[in-house]
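Okay, work-v7.txt is below, compact mmCIF, C-alpha atoms:
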# COMPACT_ATOMS: atom_id res chain seq x y z
CA ALA A 12 133.99 165.92 150.34
CA MET A 13 136.68 164.36 148.17
CA LEU A 14 136.14 163.48 144.50
CA ALA A 15 138.40 161.14 142.52
CA ARG A 16 138.31 159.48 139.13
CA LEU A 17 138.62 155.69 139.51
CA GLY A 18 138.45 154.61 135.87
CA GLY A 19 137.20 155.53 132.43
CA ASP A 20 133.65 156.34 133.51
CA GLU A 21 133.85 155.67 137.26
CA PHE A 22 134.19 158.28 139.99
CA GLY A 23 134.38 158.02 143.76
CA VAL A 24 133.18 160.51 146.36
CA ILE A 25 134.07 160.43 150.05
CA ILE A 26 131.70 162.45 152.24
CA GLU A 27 132.84 163.00 155.83
CA LYS A 28 130.57 163.46 158.85
CA ALA A 29 127.33 162.80 156.97
CA SER A 30 124.44 160.52 157.85
CA PRO A 31 123.14 158.02 155.27
CA GLU A 32 120.16 160.32 154.72
CA GLN A 33 122.39 163.34 154.06
CA ALA A 34 124.61 161.32 151.73
CA HIS A 35 121.53 160.11 149.85
CA GLU A 36 120.40 163.71 149.36
CA ILE A 37 123.80 164.61 147.91
CA ALA A 38 123.65 161.56 145.63
CA GLU A 39 120.19 162.60 144.42
CA SER A 40 121.43 166.10 143.64
CA LEU A 41 124.34 164.65 141.62
CA LEU A 42 121.88 162.41 139.80
CA ASN A 43 119.62 165.34 138.94
CA VAL A 44 122.49 167.52 137.70
CA ALA A 45 123.74 164.73 135.45
CA GLN A 46 120.27 163.99 134.06
CA GLU A 47 119.65 167.64 133.24
CA PHE A 48 122.99 168.06 131.46
CA ARG A 49 122.94 168.13 127.65
CA PHE A 50 125.68 168.52 125.08
CA MET A 51 125.70 168.65 121.30
CA TRP A 52 128.02 166.78 118.96
CA ASP A 53 127.73 166.47 115.22
CA LYS A 54 124.26 168.08 115.34
CA ARG A 55 123.04 165.52 117.85
CA ILE A 56 121.97 166.05 121.46
CA PHE A 57 123.42 163.65 124.03
CA HIS A 58 122.13 162.87 127.53
CA LEU A 59 124.05 161.55 130.52
CA GLY A 60 123.03 158.73 132.81
CA VAL A 61 124.44 157.99 136.25
CA SER A 62 124.24 154.95 138.51
CA ILE A 63 125.30 155.51 142.12
CA GLY A 64 126.33 152.96 144.72
CA MET A 65 126.74 154.00 148.35
CA VAL A 66 128.31 152.38 151.40
CA VAL A 67 128.48 153.59 155.00
CA CYS A 68 132.00 153.59 156.48
CA ASP A 69 131.36 152.63 160.10
CA ASN A 70 134.93 152.60 161.44
CA SER A 71 134.96 148.79 161.60
CA ASP A 72 137.88 146.57 160.61
CA THR A 73 136.84 146.88 156.96
CA THR A 74 139.67 148.11 154.73
CA GLY A 75 139.44 150.93 152.21
CA GLU A 76 139.72 148.42 149.36
CA GLN A 77 136.79 146.44 150.79
CA TYR A 78 134.66 149.58 151.13
CA LEU A 79 135.42 150.44 147.51
CA SER A 80 134.43 146.93 146.45
CA MET A 81 131.13 147.25 148.36
CA ALA A 82 130.37 150.59 146.71
CA ASP A 83 131.25 149.05 143.36
CA ALA A 84 128.79 146.19 143.97
CA ALA A 85 126.05 148.66 144.92
CA CYS A 86 126.79 150.68 141.79
CA TYR A 87 126.48 147.64 139.53
CA PHE A 88 123.23 146.72 141.25
CA ALA A 89 121.90 150.26 140.67
CA LYS A 90 122.84 149.93 137.01
CA GLU A 91 121.04 146.59 136.77
CA GLN A 92 117.92 148.18 138.24
CA GLY A 93 117.59 150.38 135.16
CA ARG A 94 120.32 153.02 135.52
CA ASN A 95 119.90 156.50 136.98
CA GLN A 96 119.33 154.75 140.31
CA ILE A 97 120.90 154.98 143.76
CA HIS A 98 121.54 151.90 145.87
CA LEU A 99 122.88 151.71 149.41
CA TYR A 100 125.02 148.68 150.24
CA HIS A 101 123.78 146.48 153.09
CA LYS A 102 125.90 143.55 154.23
CA ASN A 103 122.84 141.35 154.74
CA ASP A 104 121.38 142.15 151.32
CA LYS A 105 121.42 138.83 149.39
CA SER A 106 121.45 140.64 146.04
CA MET A 107 124.49 142.58 147.18
CA GLN A 108 126.19 139.42 148.35
CA ARG A 109 125.72 137.91 144.90
CA TYR A 110 127.15 141.00 143.22
CA GLN A 111 129.97 141.09 145.73
CA LYS A 112 130.94 137.54 144.79
CA GLU A 113 130.86 138.44 141.10
CA LEU A 114 133.00 141.51 141.68
CA ASP A 115 135.46 139.39 143.65
CA TRP A 116 135.71 137.20 140.52
CA VAL A 117 136.20 140.31 138.38
CA THR A 118 139.14 141.27 140.59
CA THR A 119 140.52 137.71 140.46
CA ILE A 120 140.24 137.60 136.66
CA ASN A 121 141.89 141.00 136.22
CA HIS A 122 144.76 140.05 138.52
CA ALA A 123 145.22 136.71 136.75
CA HIS A 124 145.36 138.48 133.39
CA ASP A 125 147.77 141.17 134.56
CA GLU A 126 149.99 138.65 136.37
CA ASP A 127 149.89 136.11 133.50
CA ARG A 128 148.26 133.40 135.62
CA PHE A 129 145.95 132.00 132.97
CA LEU A 130 146.88 128.48 131.86
CA LEU A 131 146.40 126.80 128.49
CA TYR A 132 145.11 123.24 128.50
CA TYR A 133 144.28 120.99 125.57
CA GLN A 134 141.84 118.13 125.00
CA LEU A 135 142.51 115.72 122.17
CA MET A 136 139.96 114.55 119.62
CA ARG A 137 140.13 111.01 118.22
CA PRO A 138 139.27 110.26 114.58
CA LEU A 139 136.61 107.53 114.39
CA THR A 140 136.20 107.13 110.64
CA SER A 141 139.77 107.69 109.43
CA ALA A 142 143.39 107.08 110.41
CA ASN A 143 144.96 109.27 113.09
CA ASP A 144 147.15 111.39 110.82
CA GLY A 145 148.10 114.18 113.20
CA PHE A 146 147.09 116.27 116.20
CA TYR A 147 143.47 117.37 116.64
CA TYR A 148 142.63 119.18 119.86
CA GLU A 149 140.69 121.98 121.50
CA VAL A 150 142.46 124.65 123.54
CA LEU A 151 140.91 125.15 126.98
CA LEU A 152 141.49 127.78 129.65
CA ARG A 153 142.27 127.51 133.36
CA LEU A 154 143.07 130.14 135.98
CA LYS A 155 145.83 129.65 138.51
CA ASP A 156 144.99 131.36 141.79
CA ARG A 157 147.68 133.05 143.85
CA ASP A 158 147.76 130.05 146.20
CA GLY A 159 148.46 127.73 143.26
CA THR A 160 144.93 126.33 142.95
CA VAL A 161 143.94 125.63 139.33
CA ILE A 162 140.39 126.91 138.75
CA GLU A 163 138.05 125.44 136.15
CA PRO A 164 136.58 127.84 133.54
CA ASN A 165 132.95 127.32 134.58
CA ALA A 166 133.83 129.06 137.86
CA PHE A 167 134.99 132.34 136.31
CA LEU A 168 133.99 132.58 132.63
CA PRO A 169 130.27 133.31 133.32
CA THR A 170 131.34 136.39 135.31
CA ALA A 171 133.84 137.34 132.60
CA GLU A 172 131.04 137.21 130.05
CA ARG A 173 128.62 139.14 132.24
CA PHE A 174 131.14 141.95 132.72
CA GLU A 175 132.32 141.80 129.08
CA MET A 176 135.87 140.73 129.91
CA ASN A 177 135.96 137.95 127.33
CA VAL A 178 137.62 139.97 124.57
CA LYS A 179 140.86 140.37 126.48
CA ILE A 180 140.67 136.73 127.59
CA ASP A 181 140.20 135.56 123.99
CA LYS A 182 143.14 137.73 122.96
CA TRP A 183 145.29 136.17 125.68
CA VAL A 184 144.34 132.65 124.56
CA ILE A 185 145.11 133.37 120.90
CA SER A 186 148.43 135.11 121.63
CA ASN A 187 149.67 132.40 123.97
CA THR A 188 148.46 129.50 121.82
CA PHE A 189 150.13 130.98 118.74
CA GLU A 190 153.29 131.67 120.74
CA TYR A 191 153.40 128.02 121.83
CA LEU A 192 152.88 126.77 118.26
CA HIS A 193 155.56 129.11 116.92
CA ALA A 194 158.03 127.93 119.58
CA ASN A 195 157.35 124.26 118.74
CA PRO A 196 157.74 123.89 114.95
CA GLU A 197 157.69 120.07 115.02
CA HIS A 198 154.40 120.16 116.91
CA LEU A 199 153.04 122.70 114.43
CA ALA A 200 154.07 120.50 111.49
CA ASN A 201 152.08 117.57 112.91
CA LEU A 202 149.10 119.72 113.89
CA LYS A 203 145.97 119.12 111.83
CA ARG A 204 143.49 121.23 113.75
CA CYS A 205 143.79 123.44 116.82
CA SER A 206 140.36 124.64 117.96
CA ILE A 207 140.03 127.94 119.84
CA ASN A 208 136.78 129.17 121.38
CA LEU A 209 135.51 132.67 120.65
CA ASN A 210 132.98 134.64 122.67
CA CYS A 211 130.18 136.80 121.26
CA HIS A 212 131.83 139.99 122.56
CA SER A 213 134.97 139.16 120.58
CA LEU A 214 133.00 138.58 117.38
CA ALA A 215 131.35 141.98 117.79
CA ASP A 216 134.53 143.84 118.78
CA ARG A 217 135.82 146.08 115.98
CA ASP A 218 139.49 145.70 116.87
CA PHE A 219 139.43 141.95 117.50
CA LYS A 220 139.62 140.95 113.83
CA LEU A 221 142.74 143.09 113.31
CA PHE A 222 144.27 141.65 116.48
CA VAL A 223 143.79 138.08 115.19
CA LEU A 224 145.20 138.95 111.76
CA ASN A 225 148.27 140.49 113.38
CA ALA A 226 148.72 137.41 115.60
CA PHE A 227 148.73 135.10 112.56
CA ASP A 228 151.33 137.32 110.94
CA LYS A 229 153.47 137.80 114.07
CA TYR A 230 153.76 134.10 114.89
CA ALA A 231 153.69 132.82 111.28
CA ILE A 232 150.85 130.37 111.94
CA PRO A 233 149.26 128.81 108.82
CA TYR A 234 145.59 129.74 108.71
CA ASP A 235 144.49 126.19 107.91
CA LYS A 236 145.86 124.92 111.23
CA ILE A 237 143.34 126.94 113.24
CA CYS A 238 139.65 126.29 113.81
CA PHE A 239 137.55 128.85 115.66
CA GLU A 240 134.67 127.47 117.70
CA VAL A 241 131.47 129.46 118.22
CA ILE A 242 128.63 128.24 120.45
CA GLU A 243 125.40 127.80 118.50
CA SER A 244 123.39 130.15 120.74
CA VAL A 245 126.06 132.86 120.38
CA ALA A 246 126.12 132.51 116.60
CA ILE A 247 122.34 132.97 116.49
CA ILE A 248 122.32 136.03 118.76
CA LYS A 249 125.25 137.67 116.94
CA MET A 250 124.41 136.38 113.47
CA GLU A 251 125.70 139.37 111.48
CA ASP A 252 128.93 139.67 113.48
CA THR A 253 129.47 135.90 113.31
CA LEU A 254 128.93 135.78 109.55
CA ARG A 255 131.24 138.72 108.95
CA PHE A 256 134.04 137.20 111.03
CA MET A 257 133.62 133.72 109.55
CA GLN A 258 133.64 134.91 105.97
CA SER A 259 136.79 136.98 106.50
CA PHE A 260 138.85 134.16 108.00
CA LYS A 261 137.44 131.33 105.88
CA GLU A 262 138.77 133.18 102.83
CA LEU A 263 142.22 133.02 104.44
CA GLY A 264 141.97 129.29 105.19
CA CYS A 265 140.67 129.02 108.77
CA SER A 266 137.90 126.55 109.59
CA PHE A 267 134.93 127.11 111.90
CA ALA A 268 133.05 124.81 114.26
CA LEU A 269 129.54 125.30 115.58
CA ASP A 270 129.70 124.19 119.22
CA ASP A 271 126.88 122.66 121.31
CA PHE A 272 124.92 121.99 118.13
CA GLY A 273 121.35 120.78 118.59
CA SER A 274 120.65 122.80 121.74
CA GLY A 275 118.26 125.14 119.88
CA PHE A 276 114.89 124.43 118.27
CA SER A 277 115.92 125.90 114.92
CA SER A 278 119.41 124.41 114.74
CA TYR A 279 119.14 123.03 111.20
CA ASN A 280 117.85 126.30 109.77
CA TYR A 281 120.78 128.22 111.22
CA LEU A 282 123.22 125.54 110.07
CA LYS A 283 122.25 126.38 106.49
CA SER A 284 122.94 130.06 107.14
CA LEU A 285 126.42 129.75 108.64
CA PRO A 286 129.54 128.77 106.63
CA VAL A 287 130.80 126.27 109.21
CA ASP A 288 133.04 123.29 108.50
CA ILE A 289 132.52 121.31 111.70
CA VAL A 290 129.47 120.49 113.81
CA LYS A 291 130.17 119.70 117.46
CA ILE A 292 127.15 117.80 118.76
CA ASP A 293 125.77 118.98 122.10
CA GLY A 294 127.00 116.66 124.86
CA ALA A 295 123.45 116.38 126.21
CA PHE A 296 122.71 113.98 123.33
CA ILE A 297 125.91 111.99 123.87
CA LYS A 298 125.89 111.34 127.63
CA ASP A 299 122.89 108.99 127.71
CA MET A 300 122.79 107.68 124.17
CA LEU A 301 123.56 104.12 125.31
CA ASN A 302 120.28 104.13 127.24
CA ASP A 303 118.14 106.48 125.16
CA PRO A 304 117.20 105.54 121.57
CA VAL A 305 115.93 109.09 120.98
CA ASP A 306 119.43 110.47 121.61
CA VAL A 307 120.84 107.90 119.18
CA ALA A 308 118.32 108.99 116.56
CA MET A 309 119.17 112.67 117.16
CA VAL A 310 122.91 112.04 116.79
CA ALA A 311 122.35 109.99 113.63
CA SER A 312 120.11 112.73 112.23
CA ILE A 313 122.71 115.43 112.87
CA LYS A 314 125.36 113.26 111.26
CA GLU A 315 123.25 112.75 108.11
CA VAL A 316 122.49 116.46 107.72
CA ALA A 317 126.14 117.41 108.33
CA LYS A 318 127.29 114.80 105.79
CA ALA A 319 124.85 116.14 103.19
CA MET A 320 126.31 119.62 103.74
CA GLY A 321 129.92 118.42 103.58
CA MET A 322 130.59 119.08 107.26
CA THR A 323 132.68 117.13 109.76
CA THR A 324 131.01 115.91 112.97
CA VAL A 325 132.51 115.86 116.48
CA ALA A 326 130.81 114.25 119.48
CA GLU A 327 131.52 115.97 122.81
CA PHE A 328 131.42 114.49 126.33
CA VAL A 329 132.38 110.99 125.21
CA GLU A 330 132.99 109.27 128.54
CA SER A 331 133.09 105.54 127.73
CA GLU A 332 134.53 103.17 125.15
CA ALA A 333 131.02 101.81 124.54
CA THR A 334 129.76 105.29 123.64
CA MET A 335 132.73 105.78 121.34
CA ALA A 336 132.00 102.48 119.59
CA GLN A 337 128.36 103.47 119.11
CA LEU A 338 129.41 106.81 117.63
CA GLY A 339 131.75 105.01 115.25
CA ARG A 340 128.90 102.79 114.05
CA ILE A 341 126.75 105.85 113.42
CA GLY A 342 129.56 107.42 111.40
CA ILE A 343 130.55 110.36 113.62
CA ASP A 344 133.96 111.61 112.49
CA PHE A 345 135.61 112.55 115.81
CA ALA A 346 135.14 111.87 119.52
CA GLN A 347 136.13 114.25 122.30
CA GLY A 348 135.81 113.63 126.02
CA PHE A 349 137.42 111.96 129.02
CA SER A 350 137.27 108.54 127.34
CA VAL A 351 139.60 109.94 124.67
CA SER A 352 141.73 112.23 126.80
CA ALA A 353 141.33 114.38 129.89
CA PRO A 354 142.32 118.05 129.55
CA LYS A 355 146.05 118.52 130.21
CA PRO A 356 148.45 121.49 130.25
CA LEU A 357 149.42 122.42 126.70
CA ASN A 358 153.10 122.69 127.60
CA THR A 359 153.04 118.96 128.48
CA PHE A 360 151.50 117.91 125.15
CA THR A 361 151.44 114.16 124.49
CA PRO A 362 149.75 112.75 121.36
CA LEU A 363 147.37 109.77 121.37
For this file, produce the structure as structure tokens.
Amino acid sequence: AMLARLGGDEFGVIIEKASPEQAHEIAESLLNVAQEFRFMWDKRIFHLGVSIGMVVCDNSDTTGEQYLSMADAACYFAKEQGRNQIHLYHKNDKSMQRYQKELDWVTTINHAHDEDRFLLYYQLMRPLTSANDGFYYEVLLRLKDRDGTVIEPNAFLPTAERFEMNVKIDKWVISNTFEYLHANPEHLANLKRCSINLNCHSLADRDFKLFVLNAFDKYAIPYDKICFEVIESVAIIKMEDTLRFMQSFKELGCSFALDDFGSGFSSYNYLKSLPVDIVKIDGAFIKDMLNDPVDVAMVASIKEVAKAMGMTTVAEFVESEATMAQLGRIGIDFAQGFSVSAPKPLNTFTPL
């Protein structure tokens, strides 16, 4: 047999001339040895857990890299089953096929990051209750595949979140956005608010706060130019981490937006608990408001509560001039959506 270390906590074993049954017995013995192992540190006893994925190499046209990917998928599936499990990869296993697709995305995301193939896009916001006195926009992410295809974020970000890859993606977005702003001082001077999305893993990451502070310092970006957006559901789940991050950067001058607001049953209670400056109303209330008086009432209600708390309101998914006019009559501060501006590459920035 051959043993190799593949990563921080990943190891690979190649067993020659063994049946699946024999390989399974060896895997079980490895599992038992690991489970029985104990070590002490700082007067505490630690246990080890192992998840094992297996694949049969049948001398087909499958490459070594593909076999490794299959074993990786089986390993993740074993981990999902409760850890300390063994799972054998079967090509016709639908669960494995799903994991295989996700792992293919993991590989695509890692390659895009390493090869600098992420793209920054922007989507403008239009003031509805005041004059347009500068640039207001949200930074969005795209992935450029090796064949040149530009991939939308909803295709790869769910996998990135599932496999906790968002921290390095958020770091890439911040670094490259700040680099663009630093390289375009006239643009920066006219910028009123650049919104950047943050994931829950970033808010909880110990080193992320220091990374962001260093980025502000490195690129000399004024804190009051940047707004960090946090999805309402994320803020609720990671309340302590969210509060800690918000308080630190609000003291420096950054603003914060609560995204997809209204999607939860206790939205107003949480709004009182979070020091946000901007409420971005869930697009589900905006899309059909011309035909649904309940949606109009919900949007008006959110606007009144936000106004009472001194917060700015932004309506998302504004896709018609009629919707924009209705939002203006209600008193919503900003509109964002295809009726205002479609997302475009940041390096081709054109104001309204």
Worksheet item: Rounded to one decimal in Å, what is the spacing between CA of Asp288 in chain A and CA of Ile232 in chain A?
Response: 19.5 Å
Worksheet item: What is the CA of Ala12 in chain A to CA of Val66 in chain A distance in Å?
Response: 14.7 Å
Do you have, as JSON lines, the list of residues of range 238-332 of chain A lying at most 12 Å from range 180-190 of chain A, each with its nearest atom pair and that distance in Å to one decimal, counting only C-alpha atoms and ordered by chain then number?
{"residue": "A:Cys238", "atom": "CA", "partner": "A:Ile185", "partner_atom": "CA", "distance": 11.4}
{"residue": "A:Phe239", "atom": "CA", "partner": "A:Ile185", "partner_atom": "CA", "distance": 10.2}
{"residue": "A:Glu240", "atom": "CA", "partner": "A:Asp181", "partner_atom": "CA", "distance": 11.6}
Per-residue nearest contacts range 72-165 of chain A to range 197-210 of chain A, cut-off 8 Å, using only C-alpha atoms, as a Markdown table:
| residue | atom | partner | partner_atom | distance |
| --- | --- | --- | --- | --- |
| A:Asp144 | CA | A:Lys203 | CA | 7.9 |
| A:Gly145 | CA | A:Asn201 | CA | 5.2 |
| A:Phe146 | CA | A:Leu202 | CA | 4.6 |
| A:Tyr147 | CA | A:Arg204 | CA | 4.8 |
| A:Tyr148 | CA | A:Cys205 | CA | 5.4 |
| A:Glu149 | CA | A:Ser206 | CA | 4.4 |
| A:Val150 | CA | A:Ile207 | CA | 5.5 |
| A:Leu151 | CA | A:Ile207 | CA | 7.7 |
Keeping C-alpha atoms for every residue in the selection just given, could you write it to a file as a PDB file, keeping the file's coordinate frame?
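Printed below is part-v1.pdb as written:
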ATOM      1  CA  ASP A 144     147.150 111.390 110.820  1.00  0.00           C
ATOM      2  CA  GLY A 145     148.100 114.180 113.200  1.00  0.00           C
ATOM      3  CA  PHE A 146     147.090 116.270 116.200  1.00  0.00           C
ATOM      4  CA  TYR A 147     143.470 117.370 116.640  1.00  0.00           C
ATOM      5  CA  TYR A 148     142.630 119.180 119.860  1.00  0.00           C
ATOM      6  CA  GLU A 149     140.690 121.980 121.500  1.00  0.00           C
ATOM      7  CA  VAL A 150     142.460 124.650 123.540  1.00  0.00           C
ATOM      8  CA  LEU A 151     140.910 125.150 126.980  1.00  0.00           C
TER       9      LEU A 151
END
Item to complete: Please provide as an NGL selection string all residues within 12 Å of range 325-328 of chain A, with the sequence filter that same-chain residues fewer than 5 positions apart are discarded (counting only C-alpha atoms).
Response: :A and (134-140 or 147-149 or 206 or 240 or 268-273 or 288-300 or 307 or 309-311 or 313-314 or 317-318 or 334-339 or 341-354)
Worksheet item: In Å, with one decimal, what is the gap from CA of Ser106 in chain A to CA of Met65 in chain A?
Response: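 It comes out at 14.6 Å.
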Item to complete: Considering all atoms listed in the file, state which residue in the set A:Ser266, A:Thr73, A:Ser62, A:Ser141 is at the smallest distance from Arg94 in chain A.
Response: A:Ser62
Practice prompt. Have a look at A:Lys90, A:Val178, A:Leu99, A:Arg157 and name the one nearest to Ala123 in chain A; count all atoms listed in the file.
Written response: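 Ranked by minimum distance to Ala123 in chain A, first place goes to A:Arg157.
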First collect every listed atom of range 154-162 of chain A; then fit an axis-aligned box around them, widen it by 6 Å on each side, and give centre and edge lengths in Å to one decimal, as JSON.
{"center_x": 144.4, "center_y": 129.3, "center_z": 141.1, "size_x": 20.1, "size_y": 19.4, "size_z": 22.2}
Distance query Cys68 in chain A at most 10 Å, all atoms listed in the file, self and fewer than 6 positions along chain excluded, as a PDB file with C-alpha atoms, in the coordinates of the input:
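Contents of selection_29.pdb, as written:
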ATOM      1  CA  ILE A  25     134.070 160.430 150.050  1.00  0.00           C
ATOM      2  CA  ILE A  26     131.700 162.450 152.240  1.00  0.00           C
ATOM      3  CA  GLU A  27     132.840 163.000 155.830  1.00  0.00           C
ATOM      4  CA  PRO A  31     123.140 158.020 155.270  1.00  0.00           C
ATOM      5  CA  THR A  74     139.670 148.110 154.730  1.00  0.00           C
ATOM      6  CA  GLY A  75     139.440 150.930 152.210  1.00  0.00           C
ATOM      7  CA  TYR A  78     134.660 149.580 151.130  1.00  0.00           C
TER       8      TYR A  78
END
Discussion item. I need the residue nearest Gln96 in chain A from this list: A:Ser274, A:Gly60, A:Leu357, A:Lys249. Use only C-alpha atoms for the distance.
Written reply: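 Selected residue with least distance to Gln96 in chain A: A:Gly60.
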Export N, CA and C atoms of range 56-71 of chain A from the structure just given, as an mmCIF file, in the first residue's frame?
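The new file decode.cif reads:
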data_model
loop_
_atom_site.group_PDB
_atom_site.id
_atom_site.type_symbol
_atom_site.label_atom_id
_atom_site.label_comp_id
_atom_site.auth_asym_id
_atom_site.auth_seq_id
_atom_site.Cartn_x
_atom_site.Cartn_y
_atom_site.Cartn_z
ATOM 1 N N ILE A 56 -8.304 15.853 27.217
ATOM 2 C CA ILE A 56 -8.178 14.662 26.390
ATOM 3 C C ILE A 56 -8.885 14.895 25.057
ATOM 4 N N PHE A 57 -8.176 14.644 23.969
ATOM 5 C CA PHE A 57 -8.736 14.848 22.637
ATOM 6 C C PHE A 57 -8.926 13.508 21.925
ATOM 7 N N HIS A 58 -9.998 13.425 21.137
ATOM 8 C CA HIS A 58 -10.311 12.240 20.349
ATOM 9 C C HIS A 58 -10.142 12.568 18.869
ATOM 10 N N LEU A 59 -9.908 11.564 18.071
ATOM 11 C CA LEU A 59 -9.813 11.743 16.628
ATOM 12 C C LEU A 59 -11.035 11.144 15.943
ATOM 13 N N GLY A 60 -11.438 11.764 14.863
ATOM 14 C CA GLY A 60 -12.503 11.220 14.033
ATOM 15 C C GLY A 60 -12.006 11.104 12.604
ATOM 16 N N VAL A 61 -12.474 10.099 11.893
ATOM 17 C CA VAL A 61 -12.028 9.867 10.522
ATOM 18 C C VAL A 61 -13.239 9.581 9.633
ATOM 19 N N SER A 62 -13.248 10.182 8.467
ATOM 20 C CA SER A 62 -14.240 9.856 7.441
ATOM 21 C C SER A 62 -13.476 9.314 6.242
ATOM 22 N N ILE A 63 -13.920 8.179 5.714
ATOM 23 C CA ILE A 63 -13.171 7.504 4.652
ATOM 24 C C ILE A 63 -14.045 7.340 3.411
ATOM 25 N N GLY A 64 -13.501 7.771 2.279
ATOM 26 C CA GLY A 64 -14.151 7.557 0.990
ATOM 27 C C GLY A 64 -13.313 6.604 0.158
ATOM 28 N N MET A 65 -13.962 5.642 -0.478
ATOM 29 C CA MET A 65 -13.248 4.627 -1.256
ATOM 30 C C MET A 65 -13.742 4.611 -2.700
ATOM 31 N N VAL A 66 -12.844 4.285 -3.616
ATOM 32 C CA VAL A 66 -13.221 4.106 -5.013
ATOM 33 C C VAL A 66 -12.413 2.943 -5.582
ATOM 34 N N VAL A 67 -13.060 2.130 -6.407
ATOM 35 C CA VAL A 67 -12.390 0.995 -7.040
ATOM 36 C C VAL A 67 -11.783 1.458 -8.362
ATOM 37 N N CYS A 68 -10.475 1.234 -8.522
ATOM 38 C CA CYS A 68 -9.783 1.564 -9.772
ATOM 39 C C CYS A 68 -9.876 0.340 -10.683
ATOM 40 N N ASP A 69 -10.681 0.442 -11.729
ATOM 41 C CA ASP A 69 -10.998 -0.735 -12.545
ATOM 42 C C ASP A 69 -10.286 -0.759 -13.896
ATOM 43 N N ASN A 70 -9.173 -0.040 -13.990
ATOM 44 C CA ASN A 70 -8.369 -0.029 -15.216
ATOM 45 C C ASN A 70 -9.138 0.502 -16.430
ATOM 46 N N SER A 71 -10.115 1.356 -16.192
ATOM 47 C CA SER A 71 -10.858 1.967 -17.302
ATOM 48 C C SER A 71 -10.082 3.179 -17.810
#
